[in-house]
file run.txt (compact mmCIF, C-alpha atoms)
# COMPACT_ATOMS: atom_id res chain seq x y z
CA MET U 1 -38.05 21.88 42.40
CA ALA U 2 -40.14 20.80 39.44
CA THR U 3 -39.24 23.98 37.58
CA GLY U 4 -35.56 23.44 38.31
CA SER U 5 -35.75 19.84 37.10
CA ALA U 6 -37.50 20.93 33.91
CA THR U 7 -34.83 23.57 33.31
CA THR U 8 -32.07 21.01 33.87
CA ARG U 9 -33.74 18.56 31.51
CA GLY U 10 -34.13 21.31 28.92
CA ARG U 11 -30.44 22.20 29.14
CA GLY U 12 -29.50 18.55 28.88
CA GLN U 13 -31.64 18.08 25.79
CA ALA U 14 -30.16 21.21 24.21
CA GLN U 15 -26.62 20.03 24.93
CA ARG U 16 -27.35 16.60 23.47
CA ALA U 17 -28.72 18.31 20.37
CA ALA U 18 -25.55 20.41 20.14
CA ASN U 19 -23.46 17.23 20.33
CA SER U 20 -25.67 15.37 17.86
CA THR U 21 -24.59 13.78 14.62
CA ALA U 22 -26.58 16.40 12.71
CA VAL U 23 -24.63 19.32 14.20
CA SER U 24 -21.36 17.46 13.64
CA ALA U 25 -22.32 16.81 10.01
CA GLY U 26 -23.22 20.48 9.61
CA ALA U 27 -19.81 21.53 10.90
CA ARG U 28 -18.01 19.18 8.51
CA ALA U 29 -20.12 20.37 5.60
CA GLY U 30 -19.25 23.93 6.59
CA PHE U 31 -15.53 23.17 6.47
CA VAL U 32 -15.98 21.70 2.99
CA ALA U 33 -17.79 24.88 1.89
CA ARG U 34 -15.12 27.14 3.40
CA GLY U 35 -12.49 25.10 1.59
CA VAL U 36 -14.27 25.54 -1.73
CA ILE U 37 -14.36 29.32 -1.29
CA TYR U 38 -10.67 29.62 -0.39
CA VAL U 39 -9.54 27.30 -3.18
CA LEU U 40 -11.53 29.37 -5.68
CA ILE U 41 -10.07 32.61 -4.29
CA GLY U 42 -6.63 31.07 -4.78
CA VAL U 43 -7.44 30.11 -8.37
CA LEU U 44 -8.84 33.56 -9.14
CA SER U 45 -5.71 35.14 -7.62
CA LEU U 46 -3.49 33.01 -9.86
CA ARG U 47 -5.43 34.21 -12.89
CA ILE U 48 -4.86 37.81 -11.81
CA ALA U 49 -1.16 37.14 -11.24
CA PHE U 50 -0.52 35.96 -14.77
CA SER U 51 -3.32 37.60 -16.76
CA ASP U 52 -6.05 40.18 -16.25
CA GLY U 53 -8.14 37.72 -14.26
CA GLY U 54 -11.02 37.91 -16.71
CA GLY U 55 -12.62 40.72 -14.73
CA LYS U 56 -13.27 38.44 -11.75
CA GLN U 57 -12.69 39.50 -8.15
CA ALA U 58 -10.32 37.48 -5.99
CA ASP U 59 -12.58 37.45 -2.94
CA ARG U 60 -15.66 35.70 -1.62
CA GLY U 61 -17.90 37.53 -4.08
CA GLY U 62 -15.71 36.43 -6.97
CA ALA U 63 -15.82 32.83 -5.73
CA ILE U 64 -19.62 32.91 -5.53
CA ALA U 65 -19.89 34.37 -9.04
CA GLU U 66 -17.48 31.71 -10.32
CA ILE U 67 -19.65 28.93 -8.88
CA ALA U 68 -22.79 30.52 -10.33
CA ASP U 69 -21.22 30.40 -13.81
CA GLN U 70 -20.76 26.62 -13.65
CA PRO U 71 -23.28 24.01 -14.85
CA PHE U 72 -25.85 23.53 -12.08
CA GLY U 73 -24.33 26.61 -10.44
CA THR U 74 -27.54 27.58 -8.65
CA VAL U 75 -27.83 24.10 -7.10
CA LEU U 76 -24.20 24.28 -6.00
CA LEU U 77 -24.81 27.67 -4.39
CA TRP U 78 -27.80 26.32 -2.45
CA LEU U 79 -25.64 23.46 -1.18
CA LEU U 80 -22.84 25.89 -0.30
CA GLY U 81 -25.20 28.21 1.59
CA ILE U 82 -26.79 25.35 3.54
CA ALA U 83 -23.36 23.97 4.43
CA LEU U 84 -22.26 27.38 5.73
CA ALA U 85 -25.47 27.53 7.80
CA GLY U 86 -24.36 24.23 9.33
CA MET U 87 -21.06 25.85 10.27
CA ALA U 88 -22.90 28.78 11.87
CA LEU U 89 -25.07 26.41 13.91
CA TRP U 90 -22.05 24.45 15.11
CA ARG U 91 -20.24 27.62 16.18
CA LEU U 92 -23.40 28.70 18.01
CA SER U 93 -23.43 25.39 19.89
CA GLU U 94 -19.79 26.02 20.88
CA ALA U 95 -20.80 29.42 22.23
CA ALA U 96 -23.62 27.88 24.25
CA PHE U 97 -21.92 24.76 25.58
CA GLY U 98 -18.19 25.25 25.03
CA GLN U 99 -15.60 23.58 22.82
CA PRO U 100 -13.89 20.21 23.32
CA GLY U 101 -10.86 20.25 25.61
CA PRO U 102 -10.04 21.48 29.14
CA TYR U 103 -10.27 25.18 28.22
CA GLY U 104 -13.22 24.92 25.84
CA LYS U 105 -15.69 26.55 28.22
CA LYS U 106 -13.64 29.73 28.82
CA ALA U 107 -15.55 32.98 28.25
CA GLY U 108 -13.09 34.21 25.63
CA LYS U 109 -13.54 31.12 23.48
CA ARG U 110 -17.30 31.36 23.74
CA VAL U 111 -17.27 35.01 22.68
CA MET U 112 -15.11 34.12 19.67
CA ALA U 113 -17.55 31.32 18.83
CA VAL U 114 -20.42 33.84 18.87
CA GLY U 115 -18.53 36.10 16.45
CA ARG U 116 -17.76 33.20 14.13
CA SER U 117 -21.38 32.04 14.25
CA VAL U 118 -22.62 35.50 13.25
CA PHE U 119 -20.03 35.72 10.46
CA TYR U 120 -20.92 32.35 8.95
CA ALA U 121 -24.64 33.08 9.29
CA PHE U 122 -24.11 36.31 7.34
CA VAL U 123 -22.08 34.54 4.62
CA SER U 124 -24.65 31.74 4.43
CA CYS U 125 -27.51 34.21 3.98
CA SER U 126 -25.64 36.16 1.30
CA VAL U 127 -24.97 32.95 -0.67
CA LEU U 128 -28.56 31.72 -0.30
CA PHE U 129 -29.98 35.10 -1.35
CA TYR U 130 -27.71 35.05 -4.40
CA ALA U 131 -28.89 31.53 -5.25
CA ALA U 132 -32.50 32.72 -4.88
CA GLY U 133 -31.93 35.40 -7.50
CA ASP U 134 -30.66 38.42 -5.58
CA LYS U 135 -27.50 38.95 -7.65
CA GLY U 136 -26.55 41.96 -5.57
CA SER U 137 -26.11 39.74 -2.53
CA GLY U 138 -22.90 37.87 -1.82
CA SER U 139 -21.03 38.89 -4.95
CA GLY U 140 -20.43 42.53 -4.04
CA SER U 141 -16.92 43.91 -4.26
CA SER U 142 -15.00 43.57 -1.01
CA ASP U 143 -12.96 46.62 -2.07
CA LYS U 144 -16.00 48.88 -2.51
CA ASN U 145 -17.53 47.62 0.73
CA SER U 146 -14.31 48.33 2.64
CA GLN U 147 -14.03 51.82 1.19
CA ASP U 148 -17.70 52.63 1.85
CA VAL U 149 -17.48 51.50 5.47
CA THR U 150 -14.21 53.39 5.94
CA ALA U 151 -15.68 56.58 4.43
CA LYS U 152 -18.66 56.46 6.80
CA ALA U 153 -16.45 55.74 9.81
CA LEU U 154 -14.09 58.62 8.99
CA ASP U 155 -17.04 61.02 9.13
CA TRP U 156 -17.79 60.05 12.73
CA PRO U 157 -16.37 61.97 15.70
CA ALA U 158 -12.91 60.48 16.34
CA GLY U 159 -13.44 58.56 13.10
CA GLN U 160 -9.75 58.48 12.25
CA TRP U 161 -8.95 56.87 15.59
CA ILE U 162 -11.74 54.31 15.17
CA VAL U 163 -10.54 53.30 11.70
CA ALA U 164 -6.92 53.21 12.88
CA VAL U 165 -7.78 50.98 15.84
CA ALA U 166 -9.83 48.70 13.59
CA GLY U 167 -6.91 48.50 11.14
CA VAL U 168 -4.48 47.65 13.92
CA ALA U 169 -6.90 44.98 15.17
CA VAL U 170 -7.17 43.40 11.71
CA GLY U 171 -3.40 43.56 11.26
CA ALA U 172 -2.81 42.04 14.70
CA THR U 173 -5.30 39.30 13.85
CA GLY U 174 -3.28 38.53 10.75
CA VAL U 175 -0.06 38.27 12.74
CA TRP U 176 -1.86 36.07 15.31
CA ILE U 177 -3.15 33.77 12.54
CA ALA U 178 0.31 33.45 10.99
CA VAL U 179 2.08 32.82 14.32
CA ARG U 180 -0.45 30.16 15.29
CA ALA U 181 0.09 28.51 11.92
CA PHE U 182 3.87 28.40 12.40
CA LEU U 183 3.37 27.00 15.92
CA ARG U 184 1.03 24.38 14.42
CA LYS U 185 -1.79 25.21 16.81
CA PHE U 186 -4.17 23.53 14.37
CA HIS U 187 -2.90 20.18 15.69
CA LYS U 188 -5.02 20.46 18.82
CA HIS U 189 -8.23 20.51 16.80
CA LEU U 190 -7.36 17.57 14.55
CA LYS U 191 -7.20 13.84 15.19
CA MET U 192 -3.57 13.65 14.14
CA SER U 193 -3.15 10.13 15.53
CA GLU U 194 -5.66 8.81 12.98
CA MET U 195 -3.58 10.08 10.04
CA SER U 196 -0.84 8.18 8.27
CA ALA U 197 2.69 9.60 8.46
CA HIS U 198 2.41 10.91 4.89
CA THR U 199 -0.97 12.52 5.57
CA ARG U 200 0.39 14.23 8.68
CA LYS U 201 3.20 15.75 6.61
CA VAL U 202 0.73 17.02 4.03
CA VAL U 203 -1.60 18.45 6.70
CA ASN U 204 1.35 20.13 8.42
CA PHE U 205 2.39 21.76 5.14
CA LEU U 206 -1.16 22.92 4.41
CA GLY U 207 -1.62 24.25 7.93
CA VAL U 208 1.64 26.19 8.11
CA PHE U 209 1.72 27.49 4.53
CA GLY U 210 -2.02 28.09 4.25
CA GLY U 211 -2.40 29.69 7.67
CA ALA U 212 0.65 31.92 7.20
CA SER U 213 -0.60 33.10 3.78
CA ARG U 214 -4.03 33.90 5.18
CA GLY U 215 -2.41 35.76 8.07
CA VAL U 216 -0.29 37.84 5.68
CA VAL U 217 -3.41 38.91 3.74
CA PHE U 218 -5.13 40.01 6.97
CA ALA U 219 -2.02 41.86 8.16
CA VAL U 220 -1.60 43.76 4.90
CA ALA U 221 -5.31 44.64 4.76
CA GLY U 222 -5.03 46.01 8.28
CA GLY U 223 -2.06 48.12 7.21
CA PHE U 224 -4.08 49.65 4.38
CA ALA U 225 -6.86 50.53 6.85
CA VAL U 226 -4.36 52.29 9.11
CA ALA U 227 -3.03 54.21 6.08
CA ALA U 228 -6.59 55.26 5.20
CA ALA U 229 -7.05 56.57 8.74
CA VAL U 230 -3.75 58.46 8.91
CA GLN U 231 -4.23 60.07 5.49
CA HIS U 232 -8.01 60.46 5.91
CA LYS U 233 -8.50 58.83 2.50
CA PRO U 234 -11.14 56.06 2.35
CA GLY U 235 -9.74 54.95 -1.02
CA LYS U 236 -6.61 53.71 0.75
CA ALA U 237 -8.65 50.98 2.45
CA LYS U 238 -8.67 47.72 0.52
CA GLY U 239 -10.78 44.59 0.58
CA MET U 240 -9.38 41.15 -0.13
CA ASP U 241 -9.33 41.63 -3.92
CA ASP U 242 -7.27 44.85 -3.92
CA THR U 243 -5.11 43.58 -1.07
CA LEU U 244 -4.18 40.52 -3.13
CA ARG U 245 -3.59 42.63 -6.24
CA SER U 246 -1.21 44.81 -4.24
CA PHE U 247 1.20 41.87 -3.89
CA SER U 248 1.80 41.96 -7.65
CA GLU U 249 2.90 45.60 -7.33
CA THR U 250 5.90 44.66 -5.16
CA PRO U 251 9.41 44.12 -6.61
CA ALA U 252 8.62 40.39 -6.70
CA GLY U 253 5.88 41.16 -9.19
CA PRO U 254 3.23 38.53 -9.91
CA TRP U 255 5.28 35.78 -8.27
CA LEU U 256 4.51 37.00 -4.75
CA LEU U 257 0.81 37.11 -5.56
CA ALA U 258 1.08 33.62 -7.03
CA LEU U 259 2.73 32.38 -3.83
CA ILE U 260 -0.02 33.89 -1.66
CA ALA U 261 -2.65 32.49 -4.05
CA VAL U 262 -1.29 28.97 -3.67
CA GLY U 263 -1.20 29.54 0.08
CA LEU U 264 -4.88 30.49 0.18
CA ALA U 265 -5.72 27.40 -1.84
CA ALA U 266 -3.66 25.40 0.69
CA PHE U 267 -5.77 26.87 3.48
CA GLY U 268 -8.84 25.73 1.57
CA ALA U 269 -7.39 22.22 1.42
CA LEU U 270 -6.70 22.40 5.17
CA SER U 271 -10.40 23.15 5.63
CA TRP U 272 -11.15 19.90 3.81
CA ALA U 273 -8.78 18.11 6.19
CA ASN U 274 -10.76 19.67 9.04
CA ALA U 275 -13.93 18.26 7.53
CA ARG U 276 -12.39 14.80 7.80
CA TRP U 277 -10.36 14.89 11.04
CA ARG U 278 -11.66 17.82 13.10
CA GLU U 279 -12.87 17.03 16.62
CA VAL U 280 -16.45 18.33 16.64

call {"tool": "encode", "arguments": {"input": "run.txt", "output": "structure tokens"}}
result
Amino acid sequence: MATGSATTRGRGQAQRAANSTAVSAGARAGFVARGVIYVLIGVLSLRIAFSDGGGKQADRGGAIAEIADQPFGTVLLWLLGIALAGMALWRLSEAAFGQPGPYGKKAGKRVMAVGRSVFYAFVSCSVLFYAAGDKGSGSGSSDKNSQDVTAKALDWPAGQWIVAVAGVAVGATGVWIAVRAFLRKFHKHLKMSEMSAHTRKVVNFLGVFGGASRGVVFAVAGGFAVAAAVQHKPGKAKGMDDTLRSFSETPAGPWLLALIAVGLAAFGALSWANARWREV
């Protein structure tokens, strides 16, 4: 009985820690950091649309390098990395104890929370290592990484099928993100009742436009992965940078890339709205 009581107390203490102000603050800081990255990717994409982009990559690595080039860039990177660690910790608490709402404790949501926690932990470490002086960390080309991973996977038994399935999964994720944006599923996570009518309109625009743009990028990247599998050419796989550049090669020219760029910046602004009104 004593052991059971101690276990129950331990779980209760852990759950209280997960619901603490510190974890909530970490989550909100993480949303701010995610917003900064997406806004910078949007800005870098706009530069590429109407100029050569100054040699910068329109992806997370390019955003990190852009921050590093600013006054007090190293300090800003440390703050960014710590904020992303806060996001990872919050997602881990969701995996352990569930999310707010009647369906927050479902196994599927917890598994997704684990994946998000691992992702943000990885991004946080890459930013912190970069800030500590490892310039090869965090700022690597998403295009080269995608092609290297694809090349290795294609050499495996049934490698083409594996890459194709992964590409379909990424593409389907993009469609899912876009559909959820159009259906305004982000409402259920935000305290919409605390916003003014004007703020709600702005948040709705950011959520629909930003989410749809992000979904389109995922869907197109997934399509390139499928093409790499079908043609057995790793070079066909594209990271975020090359995926975004591909929009400027359409009949719409740089204007389509510019539209997607503004959309990604809008998603970054939605992340800032999450930092203010998200239920955590």

call {"tool": "atom_distance", "arguments": {"input": "run.txt", "atom1": "atom CA of Phe50 of chain U", "atom2": "atom CA of Phe72 of chain U"}}
result
28.3 Å

call {"tool": "closest_residue", "arguments": {"input": "run.txt", "among": "U:Leu89, U:Ala275, U:Leu259, U:Ile177", "to": "Val114 of chain U", "atoms": "only C-alpha atoms"}}
result
U:Leu89

call {"tool": "atom_distance", "arguments": {"input": "run.txt", "atom1": "atom CA of Gly62 of chain U", "atom2": "atom CA of Phe129 of chain U"}}
result
15.4 Å

call {"tool": "residues_around", "arguments": {"input": "run.txt", "residues": "His187 of chain U", "least_positions_apart": "3", "cutoff": "9 Å", "atoms": "only C-alpha atoms", "output": "list in words"}}
result
Arg184, Leu190, Lys191, Met192, Asn204 and Gly207 of chain U

call {"tool": "atom_distance", "arguments": {"input": "run.txt", "atom1": "atom CA of Ala33 of chain U", "atom2": "atom CA of Lys238 of chain U"}}
result
24.6 Å

call {"tool": "closest_residue", "arguments": {"input": "run.txt", "among": "U:Gly73, U:Ala58, U:Ser45, U:Arg276", "to": "His189 of chain U", "atoms": "all atoms listed in the file"}}
result
U:Arg276

call {"tool": "closest_residue", "arguments": {"input": "run.txt", "among": "U:Val203, U:Asp59, U:Ala229, U:Trp272", "to": "Thr243 of chain U", "atoms": "only C-alpha atoms"}}
result
U:Asp59

call {"tool": "closest_residue", "arguments": {"input": "run.txt", "among": "U:His232, U:Arg34, U:Arg28, U:Arg245", "to": "Trp161 of chain U", "atoms": "only C-alpha atoms"}}
result
U:His232

call {"tool": "closest_residue", "arguments": {"input": "run.txt", "among": "U:Ala95, U:Val262, U:Ala107, U:Met87", "to": "Phe119 of chain U", "atoms": "only C-alpha atoms"}}
result
U:Met87

call {"tool": "closest_residue", "arguments": {"input": "run.txt", "among": "U:Ile48, U:Ala197, U:Val226, U:Leu257", "to": "Val163 of chain U", "atoms": "only C-alpha atoms"}}
result
U:Val226

call {"tool": "residues_around", "arguments": {"input": "run.txt", "residues": "Ser271 of chain U", "least_positions_apart": "3", "cutoff": "9 Å", "atoms": "all atoms listed in the file", "output": "JSON, numbers by chain"}}
result
{"U": [30, 31, 32, 33, 34, 35, 36, 38, 266, 267, 268, 274, 275, 276]}

call {"tool": "residues_around", "arguments": {"input": "run.txt", "residues": "Gly26 of chain U", "least_positions_apart": "6", "cutoff": "7 Å", "atoms": "only C-alpha atoms", "output": "list in words"}}
result
Ala83, Gly86, Met87 and Trp90 of chain U
